[in-house]
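Shown next: data.txt, containing compact mmCIF, C-alpha atoms.
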# COMPACT_ATOMS: atom_id res chain seq x y z
CA MET Q 1 -1.13 317.02 175.37
CA THR Q 2 -2.09 315.54 178.71
CA LYS Q 3 -4.30 312.54 179.17
CA HIS Q 4 -7.20 312.71 181.62
CA SER Q 5 -7.21 309.38 183.40
CA THR Q 6 -10.26 308.19 185.29
CA PRO Q 7 -9.60 307.92 189.03
CA PRO Q 8 -9.57 304.32 190.26
CA GLY Q 9 -12.89 303.09 191.59
CA THR Q 10 -14.95 305.57 189.55
CA GLY Q 11 -16.90 302.84 187.75
CA ARG Q 12 -17.79 301.14 191.00
CA LYS Q 13 -18.92 304.40 192.61
CA LEU Q 14 -21.00 305.28 189.55
CA THR Q 15 -22.66 301.86 189.59
CA LEU Q 16 -23.51 302.18 193.29
CA VAL Q 17 -24.96 305.68 192.78
CA VAL Q 18 -27.08 304.57 189.83
CA LEU Q 19 -28.37 301.51 191.70
CA GLY Q 20 -29.04 303.61 194.79
CA LEU Q 21 -31.04 306.17 192.79
CA ALA Q 22 -33.01 303.38 191.11
CA ALA Q 23 -33.79 301.87 194.53
CA LEU Q 24 -34.91 305.31 195.75
CA ILE Q 25 -37.29 305.79 192.82
CA THR Q 26 -38.68 302.27 193.32
CA THR Q 27 -39.19 302.96 197.03
CA MET Q 28 -41.02 306.20 196.20
CA LEU Q 29 -43.32 304.37 193.79
CA CYS Q 30 -44.12 301.67 196.37
CA ALA Q 31 -44.64 304.21 199.15
CA PHE Q 32 -47.17 306.21 197.18
CA ALA Q 33 -48.82 303.47 195.10
CA LEU Q 34 -49.26 300.62 197.57
CA PRO Q 35 -51.39 302.54 200.11
CA SER Q 36 -53.71 303.60 197.28
CA LEU Q 37 -53.98 300.07 195.91
CA HIS Q 38 -54.85 298.66 199.35
CA SER Q 39 -57.03 301.56 200.49
CA GLY Q 40 -60.56 301.00 201.67
CA PRO Q 41 -62.46 300.58 204.94
CA HIS Q 42 -60.35 298.75 207.50
CA HIS Q 43 -61.99 298.12 210.89
CA ILE Q 44 -63.78 301.49 210.88
CA PRO Q 45 -65.49 301.86 214.28
CA ILE Q 46 -69.20 302.62 213.93
CA GLY Q 47 -72.14 302.60 216.29
CA VAL Q 48 -75.62 301.17 215.72
CA THR Q 49 -78.79 301.55 217.70
CA GLY Q 50 -82.33 300.30 217.31
CA PRO Q 51 -84.31 297.13 218.06
CA GLN Q 52 -82.06 294.37 219.37
CA GLN Q 53 -82.85 292.00 216.55
CA THR Q 54 -81.99 294.69 214.00
CA THR Q 55 -78.71 295.71 215.60
CA GLU Q 56 -77.59 292.13 215.99
CA GLY Q 57 -78.47 291.53 212.35
CA ILE Q 58 -76.38 294.53 211.30
CA ARG Q 59 -73.45 293.29 213.34
CA ALA Q 60 -73.71 289.79 211.89
CA ASN Q 61 -74.11 290.86 208.26
CA THR Q 62 -71.45 293.56 207.99
CA ASP Q 63 -67.92 292.81 206.85
CA ALA Q 64 -65.85 292.38 210.01
CA ASP Q 65 -62.67 293.37 208.18
CA ALA Q 66 -64.22 296.65 207.09
CA TRP Q 67 -66.38 297.62 210.10
CA ASP Q 68 -65.99 297.43 213.85
CA VAL Q 69 -69.61 297.57 215.02
CA HIS Q 70 -70.56 298.80 218.52
CA VAL Q 71 -74.15 298.67 219.79
CA TYR Q 72 -75.51 301.70 221.68
CA GLU Q 73 -78.71 302.05 223.67
CA THR Q 74 -79.92 305.35 222.23
CA THR Q 75 -79.45 307.64 219.25
CA ASP Q 76 -78.07 310.35 221.52
CA ALA Q 77 -75.38 307.95 222.70
CA VAL Q 78 -74.36 307.30 219.08
CA LYS Q 79 -74.22 311.04 218.32
CA SER Q 80 -72.14 311.73 221.42
CA ALA Q 81 -69.72 308.94 220.52
CA VAL Q 82 -69.27 310.40 217.03
CA LYS Q 83 -68.53 313.87 218.41
CA ASP Q 84 -66.14 312.41 220.99
CA ARG Q 85 -64.32 310.49 218.22
CA ASP Q 86 -65.02 307.13 219.85
CA ILE Q 87 -66.53 306.03 216.54
CA ALA Q 88 -66.33 307.34 212.98
CA GLY Q 89 -70.10 307.36 212.49
CA GLY Q 90 -73.29 305.55 213.32
CA LEU Q 91 -76.60 304.08 212.17
CA ALA Q 92 -79.88 304.49 214.00
CA VAL Q 93 -82.79 302.31 212.88
CA THR Q 94 -86.15 303.80 213.85
CA ASP Q 95 -89.78 303.51 212.80
CA HIS Q 96 -89.21 306.40 210.39
CA GLY Q 97 -86.23 304.89 208.59
CA VAL Q 98 -82.46 304.78 208.94
CA ASP Q 99 -80.54 307.78 210.27
CA VAL Q 100 -76.88 307.88 209.24
CA TYR Q 101 -74.64 309.96 211.50
CA THR Q 102 -71.31 310.94 210.02
CA ALA Q 103 -68.31 313.17 210.76
CA THR Q 104 -66.93 314.15 207.37
CA ALA Q 105 -64.16 316.26 208.91
CA GLY Q 106 -62.96 313.15 210.75
CA GLY Q 107 -62.56 311.12 207.56
CA PRO Q 108 -64.40 311.83 204.29
CA SER Q 109 -63.74 308.37 202.85
CA ALA Q 110 -65.25 306.66 205.88
CA THR Q 111 -68.24 308.99 205.59
CA GLY Q 112 -68.83 307.94 202.00
CA ALA Q 113 -68.57 304.25 202.84
CA LEU Q 114 -70.89 304.59 205.84
CA THR Q 115 -73.45 306.45 203.73
CA GLU Q 116 -73.44 303.57 201.23
CA LEU Q 117 -73.86 301.11 204.11
CA GLY Q 118 -76.83 303.11 205.39
CA ASP Q 119 -78.42 303.25 201.92
CA GLY Q 120 -78.06 299.48 201.59
CA LEU Q 121 -79.62 298.91 205.01
CA ALA Q 122 -82.51 301.22 204.18
CA ALA Q 123 -83.12 299.40 200.89
CA ARG Q 124 -83.20 296.09 202.76
CA TYR Q 125 -85.96 297.40 205.05
CA GLU Q 126 -87.70 299.22 202.16
CA THR Q 127 -87.34 302.58 203.85
CA ARG Q 128 -85.16 305.65 203.38
CA ALA Q 129 -81.83 306.75 204.80
CA VAL Q 130 -81.24 310.29 206.03
CA VAL Q 131 -77.65 311.48 206.50
CA HIS Q 132 -76.77 313.83 209.37
CA ASP Q 133 -73.23 315.24 209.19
CA LEU Q 134 -72.40 316.01 212.82
CA VAL Q 135 -68.88 317.33 212.16
CA PRO Q 136 -68.69 318.69 208.61
CA PHE Q 137 -65.96 320.68 206.95
CA THR Q 138 -66.53 324.42 206.76
CA GLU Q 139 -69.05 325.95 204.34
CA ASP Q 140 -66.25 327.73 202.45
CA ASP Q 141 -64.25 324.50 202.07
CA PRO Q 142 -66.78 321.66 202.12
CA ARG Q 143 -64.30 319.11 200.72
CA GLY Q 144 -61.55 319.89 203.20
CA THR Q 145 -59.08 320.86 200.49
CA GLY Q 146 -57.27 323.31 202.73
CA LEU Q 147 -56.82 320.73 205.48
CA THR Q 148 -55.39 318.06 203.18
CA SER Q 149 -53.09 320.53 201.42
CA ALA Q 150 -51.57 321.68 204.72
CA LEU Q 151 -49.47 318.55 205.24
CA LEU Q 152 -46.85 319.15 202.53
CA PRO Q 153 -46.10 322.72 203.73
CA MET Q 154 -45.70 321.31 207.23
CA ILE Q 155 -43.29 318.64 205.97
CA PHE Q 156 -41.28 321.18 203.99
CA GLY Q 157 -41.46 323.38 207.08
CA GLY Q 158 -39.39 320.69 208.74
CA ILE Q 159 -37.01 320.19 205.83
CA PHE Q 160 -36.22 323.82 204.97
CA PRO Q 161 -35.03 324.97 208.43
CA ALA Q 162 -32.50 322.13 208.67
CA LEU Q 163 -31.29 322.86 205.13
CA ILE Q 164 -31.21 326.65 205.20
CA LEU Q 165 -30.11 327.15 208.81
CA GLY Q 166 -27.36 324.62 208.19
CA SER Q 167 -26.07 326.78 205.34
CA VAL Q 168 -26.32 330.08 207.21
CA PHE Q 169 -24.98 328.81 210.56
CA PRO Q 170 -22.73 325.88 209.60
CA GLY Q 171 -20.52 323.69 211.71
CA HIS Q 172 -20.44 322.80 215.37
CA ARG Q 173 -20.45 326.43 216.54
CA GLY Q 174 -23.73 327.12 214.78
CA LEU Q 175 -25.54 324.02 216.06
CA ARG Q 176 -27.32 325.62 218.99
CA THR Q 177 -28.23 328.61 216.84
CA ARG Q 178 -29.73 326.24 214.28
CA LEU Q 179 -31.73 324.47 216.96
CA THR Q 180 -33.02 327.75 218.39
CA GLY Q 181 -33.88 328.96 214.91
CA ALA Q 182 -35.81 325.77 214.13
CA LEU Q 183 -37.90 326.11 217.28
CA LEU Q 184 -38.59 329.81 216.68
CA PHE Q 185 -39.49 329.08 213.07
CA SER Q 186 -41.95 326.41 214.22
CA VAL Q 187 -43.80 328.96 216.36
CA VAL Q 188 -43.99 331.53 213.56
CA ALA Q 189 -44.93 328.90 210.95
CA GLY Q 190 -47.63 327.45 213.21
CA ALA Q 191 -49.24 330.85 213.64
CA ALA Q 192 -48.95 331.69 209.94
CA VAL Q 193 -50.24 328.37 208.56
CA THR Q 194 -53.19 328.39 210.94
CA ALA Q 195 -53.99 332.00 210.06
CA VAL Q 196 -54.13 331.11 206.36
CA LEU Q 197 -56.32 328.05 207.00
CA GLN Q 198 -58.71 329.88 209.31
CA PHE Q 199 -58.87 333.46 208.03
CA ALA Q 200 -57.82 333.27 204.36
CA THR Q 201 -59.18 329.99 202.99
CA HIS Q 202 -61.72 329.47 205.84
CA SER Q 203 -60.85 325.77 205.85
CA THR Q 204 -60.95 325.52 209.64
CA ASP Q 205 -63.15 327.19 212.23
CA GLY Q 206 -61.91 325.85 215.55
CA ASN Q 207 -60.02 327.66 218.28
CA TYR Q 208 -57.21 329.49 216.49
CA TRP Q 209 -54.64 329.28 219.28
CA LEU Q 210 -55.28 325.60 219.93
CA THR Q 211 -54.92 324.79 216.23
CA ALA Q 212 -51.81 326.95 215.93
CA LEU Q 213 -50.25 325.20 218.91
CA GLY Q 214 -50.79 321.83 217.22
CA VAL Q 215 -49.26 323.00 213.93
CA THR Q 216 -46.32 324.45 215.87
CA LEU Q 217 -45.73 321.14 217.63
CA GLY Q 218 -45.93 319.22 214.34
CA THR Q 219 -43.48 321.53 212.58
CA ALA Q 220 -41.12 321.41 215.55
CA ALA Q 221 -41.20 317.60 215.58
CA MET Q 222 -40.14 317.43 211.93
CA SER Q 223 -37.61 320.28 211.97
CA THR Q 224 -35.81 319.24 215.16
CA THR Q 225 -35.66 315.59 214.05
CA LEU Q 226 -34.11 316.52 210.71
CA LEU Q 227 -31.77 319.00 212.33
CA GLY Q 228 -30.63 316.46 214.91
CA LEU Q 229 -30.04 313.78 212.28
CA GLN Q 230 -28.13 316.26 210.14
CA ALA Q 231 -25.98 317.39 213.06
CA LEU Q 232 -25.16 313.81 214.05
CA LEU Q 233 -24.80 312.09 210.67
CA GLY Q 234 -24.31 314.94 208.22
CA MET Q 235 -26.09 314.96 204.87
CA ALA Q 236 -26.70 311.22 205.14
CA GLY Q 237 -28.77 311.86 208.27
CA PHE Q 238 -30.62 314.72 206.58
CA ALA Q 239 -31.38 312.53 203.55
CA PHE Q 240 -32.62 309.70 205.76
CA GLY Q 241 -34.87 312.04 207.75
CA GLY Q 242 -36.25 313.68 204.62
CA ALA Q 243 -37.01 310.30 203.09
CA LEU Q 244 -38.69 309.19 206.32
CA MET Q 245 -40.99 312.21 206.28
CA MET Q 246 -41.73 312.35 202.54
CA LEU Q 247 -41.61 308.76 201.34
CA LEU Q 248 -43.12 307.03 204.36
CA GLY Q 249 -44.77 309.62 206.57
CA ASN Q 250 -46.63 311.49 203.83
CA PRO Q 251 -48.46 308.60 202.10
CA LEU Q 252 -49.17 306.85 205.39
CA SER Q 253 -50.46 309.98 207.16
CA GLY Q 254 -54.10 309.32 206.18
CA LEU Q 255 -54.85 313.05 206.29
CA ALA Q 256 -56.88 313.10 203.09
CA THR Q 257 -58.94 309.99 203.84
CA GLY Q 258 -58.67 309.34 207.56
CA PRO Q 259 -56.38 306.65 209.02
CA HIS Q 260 -59.05 303.92 208.90
CA TRP Q 261 -58.87 303.94 205.10
CA LEU Q 262 -55.39 302.37 205.17
CA PRO Q 263 -54.51 298.80 206.20
CA THR Q 264 -54.37 298.69 209.99
CA SER Q 265 -50.63 298.09 210.34
CA TRP Q 266 -49.77 300.81 207.83
CA ALA Q 267 -52.11 303.26 209.52
CA ALA Q 268 -50.51 302.53 212.90
CA ILE Q 269 -47.03 303.21 211.49
CA GLY Q 270 -48.26 306.39 209.84
CA GLN Q 271 -49.71 307.73 213.08
CA LEU Q 272 -46.40 307.15 214.86
CA LEU Q 273 -44.50 309.30 212.35
CA PRO Q 274 -44.52 313.11 212.53
CA PRO Q 275 -46.59 313.73 209.35
CA GLY Q 276 -49.38 311.39 210.42
CA ALA Q 277 -49.44 312.62 214.01
CA SER Q 278 -49.34 316.25 212.79
CA GLY Q 279 -52.30 315.66 210.49
CA SER Q 280 -54.31 313.96 213.22
CA LEU Q 281 -53.58 316.75 215.70
CA LEU Q 282 -54.53 319.40 213.15
CA ARG Q 283 -57.80 317.60 212.40
CA THR Q 284 -58.82 317.08 216.02
CA ASN Q 285 -57.92 320.62 217.10
CA ALA Q 286 -59.59 322.26 214.11
CA PHE Q 287 -62.87 320.32 214.14
CA PHE Q 288 -63.23 318.37 217.39
CA ASP Q 289 -62.15 320.99 219.97
CA GLY Q 290 -59.06 318.95 220.82
CA THR Q 291 -60.93 315.72 221.62
CA GLY Q 292 -58.49 312.85 221.09
CA ALA Q 293 -55.45 315.12 220.83
CA GLY Q 294 -53.51 313.34 223.58
CA LEU Q 295 -51.91 310.55 221.54
CA PRO Q 296 -50.76 312.59 218.51
CA ALA Q 297 -49.48 315.34 220.81
CA LEU Q 298 -47.52 312.76 222.80
CA VAL Q 299 -46.05 311.26 219.61
CA LEU Q 300 -44.95 314.67 218.34
CA THR Q 301 -43.48 315.64 221.71
CA ALA Q 302 -41.46 312.42 221.66
CA TRP Q 303 -40.06 313.31 218.21
CA VAL Q 304 -39.12 316.80 219.44
CA VAL Q 305 -37.29 315.23 222.39
CA ILE Q 306 -35.52 312.81 220.04
CA GLY Q 307 -34.47 315.63 217.72
CA VAL Q 308 -33.18 317.84 220.52
CA ALA Q 309 -31.38 314.87 222.11
CA LEU Q 310 -29.64 314.06 218.81
CA ALA Q 311 -28.59 317.69 218.45
CA PHE Q 312 -27.15 317.88 221.97
CA PHE Q 313 -25.38 314.55 221.51
CA ALA Q 314 -23.81 315.94 218.35
CA ASP Q 315 -22.92 319.11 220.29
CA ARG Q 316 -21.13 317.17 223.01
CA ARG Q 317 -19.30 315.07 220.45
CA GLY Q 318 -18.27 318.21 218.60
CA LYS Q 319 -16.87 319.74 221.79
CA ARG Q 320 -14.80 316.64 222.52
CA SER Q 321 -13.39 316.53 219.02
CA ALA Q 322 -12.71 320.29 218.76
CA PRO Q 323 -8.99 321.20 219.04
CA ALA Q 324 -7.95 323.08 222.15
CA ARG Q 325 -7.47 326.82 221.69
CA PRO Q 326 -3.95 328.22 222.07
CA GLY Q 327 -3.22 329.24 225.65
CA THR Q 328 -5.89 327.01 227.23
CA ALA Q 329 -5.03 324.29 229.68
CA THR Q 330 -5.91 320.71 228.86
CA ALA Q 331 -7.20 318.26 231.43
Show the structure stored in the file as structure tokens.
Amino acid sequence: MTKHSTPPGTGRKLTLVVLGLAALITTMLCAFALPSLHSGPHHIPIGVTGPQQTTEGIRANTDADAWDVHVYETTDAVKSAVKDRDIAGGLAVTDHGVDVYTATAGGPSATGALTELGDGLAARYETRAVVHDLVPFTEDDPRGTGLTSALLPMIFGGIFPALILGSVFPGHRGLRTRLTGALLFSVVAGAAVTAVLQFATHSTDGNYWLTALGVTLGTAAMSTTLLGLQALLGMAGFAFGGALMMLLGNPLSGLATGPHWLPTSWAAIGQLLPPGASGSLLRTNAFFDGTGAGLPALVLTAWVVIGVALAFFADRRGKRSAPARPGTATA
């Protein structure tokens, strides 16, 4: 009868794995719970118009940590600023009452908070508030469920290509094939996801090709980044990239609420990561005709460049480390 001895160092490895998994679970809890605990209006830009004394009173009496108040000359100027995404909404005080101008598709949580602010202002002046939603969600999806549910498929659309293509085309020789496959997949996925959102669930009603281009860019940013990290660092790089997208990028994306509903620093980090930039680009292309798409598109393009650069760096390193074939001359 033979004894099965435990390899040396097994206890230490097991301890490290257990502690590492516990740290991962704790990080997941913090990443998803903390943004919710600290959510609320944070420097939401709004416009006000009306008599000077009234607008100055609104500016002085609103919470500066919650609202960033801008005074406009006319109601039309406030409405234009909302549609151009310069502000999240606006208040117009007239002889007939208080008009509240919102853009629910730009951030439903901010819309709710602004409506409450308008109701409070109307009660103060013993008048009524009328809400005008300038950029609503579609009639078939008035709560924007389709828009908010699109982020996870986009994230997994970045994870799956790196995982599956890495299994089908493994090793250094398959690297360029994996990269090509990830980019082609991004194009097909962008067209398919947008088609479902626009023609199946009727969650969006913007220009189909513009929206599809944005989804393609977002998927490409995530898939190429993960693929590049995997090619350079192996499964450790893939795990790091996946955690970056899921544990940090997803809860800080602000897609469900709008970025102004998160603490300012967290929102800024979220918009610099692929999930947050992808969500912002999808929102602006689907409901604002691409107004304000420049920054998220630039962020996503930078991530694509980073991913491709990591892949090519891994390719060059693989060529240098590959053994010379028999019969070939060496330098």
List every protein, DNA or RNA residue with an atom no more than 12 Å from (-83.5, 307.9, 204.5) in the file's coordinates, counting all atoms listed in the file, and format the result as a list in words.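 Residues satisfying the cut-off, written out: Leu91, Ala92, Val93, Thr94, Asp95, His96, Gly97, Val98, Asp99, Val100, Tyr101, Thr115, Glu116, Leu117, Gly118, Asp119, Gly120, Leu121, Ala122, Ala123, Arg124, Tyr125, Glu126, Thr127, Arg128, Ala129, Val130, Val131 and His132 of chain Q.
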Find the spatial neighbours of Leu255 in chain Q, counting all atoms listed in the file, within a cut-off of 12 Å - ignore same-chain residues fewer than 4 positions away - and output them as a count of residues only. 34
Give me, as a list of chain:residue names, all polymer residues having an atom no more than 7 Å from range 240-244 of chain Q, counting all atoms listed in the file and skipping those fewer than 3 positions away in the same chain. Q:Ile159, Q:Leu226, Q:Leu229, Q:Ala236, Q:Gly237, Q:Leu247, Q:Leu248, Q:Gly249
Can you tell me which residues surround range 47-56 of chain Q at a distance of at most 9 Å, considering only C-alpha atoms, apart from same-chain residues fewer than 2 positions away, and format the answer as number ranges by chain? Q: 45, 58-61, 68-75, 77-79, 81-82, 87-94
For a test of reading the model, state the distance in Å between CA of His172 in chain Q and CA of Thr219 in chain Q, rounded to one decimal.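 If I compute the distance from CA of His172 in chain Q to CA of Thr219 in chain Q, I get 23.2 Å.
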Which centre and which edge lengths, in Å to one decimal, describe the axis-aligned box that holds all listed atoms of range 73-88 of chain Q after 8 Å is added on each side, as JSON?
{"center_x": -72.1, "center_y": 308.0, "center_z": 218.3, "size_x": 31.6, "size_y": 27.8, "size_z": 26.7}
Protein, DNA and RNA residues within 12 Å of (-41.0, 319.3, 220.7), only C-alpha atoms, as JSON, numbers by chain: {"Q": [179, 180, 182, 183, 184, 186, 187, 213, 214, 215, 216, 217, 218, 219, 220, 221, 222, 223, 224, 225, 274, 278, 297, 298, 299, 300, 301, 302, 303, 304, 305, 306, 307, 308, 309]}
Rounded to one decimal place, report the CA of Leu29 in chain Q-CA of Arg12 in chain Q distance in Å. 25.9 Å
Which is closer to Gly174 in chain Q than all the others in Q:Ala231, Q:Pro8, Q:Pro136, Q:Thr201, using all atoms listed in the file? Q:Ala231
Pick from Q:Ala293, Q:Ala239, Q:Leu273, Q:Leu175: nearest to Leu310 in chain Q, with only C-alpha atoms counted?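 Looking only at the distances to Leu310 in chain Q, the closest residue turns out to be Q:Leu175.
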To one decimal place in Å, what is the distance between CA of Leu233 in chain Q and CA of Gly181 in chain Q?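 Computing it gives 19.6 Å between the two atoms.
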Could you check the closest approach to Leu197 in chain Q for each of Q:Asp76, Q:Asp84, Q:Asp315, Q:Asp141 and tell me which residue wins, using only C-alpha atoms?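 Among the listed residues, the smallest separation from Leu197 in chain Q belongs to Q:Asp141.
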Can you tell me which residues surround Asp65 in chain Q at a distance of at most 7 Å, considering all atoms listed in the file, apart from same-chain residues fewer than 2 positions away, and format the answer as a list in words? His42, His43, Asp63 and Trp67 of chain Q
Considering all atoms listed in the file, can you say which of Q:Leu272, Q:Leu24, Q:Ser203, Q:Pro41 comes closest to Glu139 in chain Q? Q:Ser203
For each of Q:Lys13, Q:Arg178, Q:Arg85, Q:Arg316, take the minimum atom-to-atom distance to Phe160 in chain Q, counting all atoms listed in the file, then give the residue where this is smallest.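 Closest residue, counting all atoms listed in the file: Q:Arg178.
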Compile the contact shell of range 207-211 of chain Q as a PyMOL selection string: residues with an atom at most 9 Å away, counting all atoms listed in the file, same-chain residues fewer than 6 positions apart removed. chain Q and resi 190-191+194-195+198+281-287+289-290
Using all atoms listed in the file, which residue out of Q:Ala23, Q:Met235, Q:Ala189, Q:Leu227 lies closest to Leu165 in chain Q?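 Using all atoms listed in the file, the shortest distance to Leu165 in chain Q belongs to Q:Leu227.
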Output range 63-84 of chain Q with N, CA, C and O atoms present, as a PDB file, in the frame of the given file.
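part13.pdb was written with the following content:
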ATOM      1  N   ASP Q  63     -69.259 293.352 207.025  1.00  0.00           N
ATOM      2  CA  ASP Q  63     -67.920 292.810 206.850  1.00  0.00           C
ATOM      3  C   ASP Q  63     -67.057 293.158 208.064  1.00  0.00           C
ATOM      4  O   ASP Q  63     -66.784 294.334 208.320  1.00  0.00           O
ATOM      5  N   ALA Q  64     -66.629 292.153 208.790  1.00  0.00           N
ATOM      6  CA  ALA Q  64     -65.850 292.380 210.010  1.00  0.00           C
ATOM      7  C   ALA Q  64     -64.488 292.993 209.720  1.00  0.00           C
ATOM      8  O   ALA Q  64     -63.903 293.651 210.586  1.00  0.00           O
ATOM      9  N   ASP Q  65     -63.958 292.772 208.531  1.00  0.00           N
ATOM     10  CA  ASP Q  65     -62.670 293.370 208.180  1.00  0.00           C
ATOM     11  C   ASP Q  65     -62.814 294.849 207.848  1.00  0.00           C
ATOM     12  O   ASP Q  65     -61.847 295.605 207.953  1.00  0.00           O
ATOM     13  N   ALA Q  66     -64.005 295.256 207.464  1.00  0.00           N
ATOM     14  CA  ALA Q  66     -64.220 296.650 207.090  1.00  0.00           C
ATOM     15  C   ALA Q  66     -64.795 297.475 208.241  1.00  0.00           C
ATOM     16  O   ALA Q  66     -64.454 298.645 208.400  1.00  0.00           O
ATOM     17  N   TRP Q  67     -65.653 296.860 209.078  1.00  0.00           N
ATOM     18  CA  TRP Q  67     -66.380 297.620 210.100  1.00  0.00           C
ATOM     19  C   TRP Q  67     -66.212 296.979 211.468  1.00  0.00           C
ATOM     20  O   TRP Q  67     -66.259 295.766 211.615  1.00  0.00           O
ATOM     21  N   ASP Q  68     -66.039 297.849 212.448  1.00  0.00           N
ATOM     22  CA  ASP Q  68     -65.990 297.430 213.850  1.00  0.00           C
ATOM     23  C   ASP Q  68     -67.252 297.978 214.515  1.00  0.00           C
ATOM     24  O   ASP Q  68     -67.316 299.159 214.868  1.00  0.00           O
ATOM     25  N   VAL Q  69     -68.267 297.133 214.635  1.00  0.00           N
ATOM     26  CA  VAL Q  69     -69.610 297.570 215.020  1.00  0.00           C
ATOM     27  C   VAL Q  69     -69.779 297.553 216.535  1.00  0.00           C
ATOM     28  O   VAL Q  69     -69.498 296.542 217.193  1.00  0.00           O
ATOM     29  N   HIS Q  70     -70.267 298.678 217.085  1.00  0.00           N
ATOM     30  CA  HIS Q  70     -70.560 298.800 218.520  1.00  0.00           C
ATOM     31  C   HIS Q  70     -72.043 299.134 218.668  1.00  0.00           C
ATOM     32  O   HIS Q  70     -72.555 300.015 217.979  1.00  0.00           O
ATOM     33  N   VAL Q  71     -72.717 298.459 219.567  1.00  0.00           N
ATOM     34  CA  VAL Q  71     -74.150 298.670 219.790  1.00  0.00           C
ATOM     35  C   VAL Q  71     -74.332 299.680 220.919  1.00  0.00           C
ATOM     36  O   VAL Q  71     -73.710 299.560 221.982  1.00  0.00           O
ATOM     37  N   TYR Q  72     -75.202 300.680 220.688  1.00  0.00           N
ATOM     38  CA  TYR Q  72     -75.510 301.700 221.680  1.00  0.00           C
ATOM     39  C   TYR Q  72     -76.997 301.654 222.012  1.00  0.00           C
ATOM     40  O   TYR Q  72     -77.818 301.227 221.195  1.00  0.00           O
ATOM     41  N   GLU Q  73     -77.325 302.113 223.207  1.00  0.00           N
ATOM     42  CA  GLU Q  73     -78.710 302.050 223.670  1.00  0.00           C
ATOM     43  C   GLU Q  73     -79.592 303.071 222.977  1.00  0.00           C
ATOM     44  O   GLU Q  73     -80.752 302.780 222.662  1.00  0.00           O
ATOM     45  N   THR Q  74     -79.077 304.273 222.759  1.00  0.00           N
ATOM     46  CA  THR Q  74     -79.920 305.350 222.230  1.00  0.00           C
ATOM     47  C   THR Q  74     -79.216 306.063 221.071  1.00  0.00           C
ATOM     48  O   THR Q  74     -77.989 305.962 220.892  1.00  0.00           O
ATOM     49  N   THR Q  75     -80.005 306.826 220.335  1.00  0.00           N
ATOM     50  CA  THR Q  75     -79.450 307.640 219.250  1.00  0.00           C
ATOM     51  C   THR Q  75     -78.532 308.717 219.794  1.00  0.00           C
ATOM     52  O   THR Q  75     -77.485 309.024 219.198  1.00  0.00           O
ATOM     53  N   ASP Q  76     -78.910 309.312 220.919  1.00  0.00           N
ATOM     54  CA  ASP Q  76     -78.070 310.350 221.520  1.00  0.00           C
ATOM     55  C   ASP Q  76     -76.700 309.804 221.897  1.00  0.00           C
ATOM     56  O   ASP Q  76     -75.692 310.509 221.789  1.00  0.00           O
ATOM     57  N   ALA Q  77     -76.667 308.556 222.343  1.00  0.00           N
ATOM     58  CA  ALA Q  77     -75.380 307.950 222.700  1.00  0.00           C
ATOM     59  C   ALA Q  77     -74.508 307.779 221.455  1.00  0.00           C
ATOM     60  O   ALA Q  77     -73.287 307.991 221.516  1.00  0.00           O
ATOM     61  N   VAL Q  78     -75.114 307.415 220.336  1.00  0.00           N
ATOM     62  CA  VAL Q  78     -74.360 307.300 219.080  1.00  0.00           C
ATOM     63  C   VAL Q  78     -73.820 308.662 218.671  1.00  0.00           C
ATOM     64  O   VAL Q  78     -72.641 308.799 218.299  1.00  0.00           O
ATOM     65  N   LYS Q  79     -74.643 309.690 218.723  1.00  0.00           N
ATOM     66  CA  LYS Q  79     -74.220 311.040 218.320  1.00  0.00           C
ATOM     67  C   LYS Q  79     -73.094 311.545 219.215  1.00  0.00           C
ATOM     68  O   LYS Q  79     -72.132 312.146 218.726  1.00  0.00           O
ATOM     69  N   SER Q  80     -73.202 311.298 220.503  1.00  0.00           N
ATOM     70  CA  SER Q  80     -72.140 311.730 221.420  1.00  0.00           C
ATOM     71  C   SER Q  80     -70.837 311.002 221.126  1.00  0.00           C
ATOM     72  O   SER Q  80     -69.755 311.600 221.170  1.00  0.00           O
ATOM     73  N   ALA Q  81     -70.919 309.713 220.819  1.00  0.00           N
ATOM     74  CA  ALA Q  81     -69.720 308.940 220.520  1.00  0.00           C
ATOM     75  C   ALA Q  81     -69.047 309.435 219.244  1.00  0.00           C
ATOM     76  O   ALA Q  81     -67.811 309.438 219.146  1.00  0.00           O
ATOM     77  N   VAL Q  82     -69.844 309.849 218.267  1.00  0.00           N
ATOM     78  CA  VAL Q  82     -69.270 310.400 217.030  1.00  0.00           C
ATOM     79  C   VAL Q  82     -68.537 311.702 217.329  1.00  0.00           C
ATOM     80  O   VAL Q  82     -67.405 311.913 216.869  1.00  0.00           O
ATOM     81  N   LYS Q  83     -69.147 312.575 218.089  1.00  0.00           N
ATOM     82  CA  LYS Q  83     -68.530 313.870 218.410  1.00  0.00           C
ATOM     83  C   LYS Q  83     -67.298 313.714 219.296  1.00  0.00           C
ATOM     84  O   LYS Q  83     -66.376 314.537 219.229  1.00  0.00           O
ATOM     85  N   ASP Q  84     -67.296 312.663 220.118  1.00  0.00           N
ATOM     86  CA  ASP Q  84     -66.140 312.410 220.990  1.00  0.00           C
ATOM     87  C   ASP Q  84     -65.057 311.592 220.300  1.00  0.00           C
ATOM     88  O   ASP Q  84     -64.057 311.231 220.925  1.00  0.00           O
TER      89      ASP Q  84
END
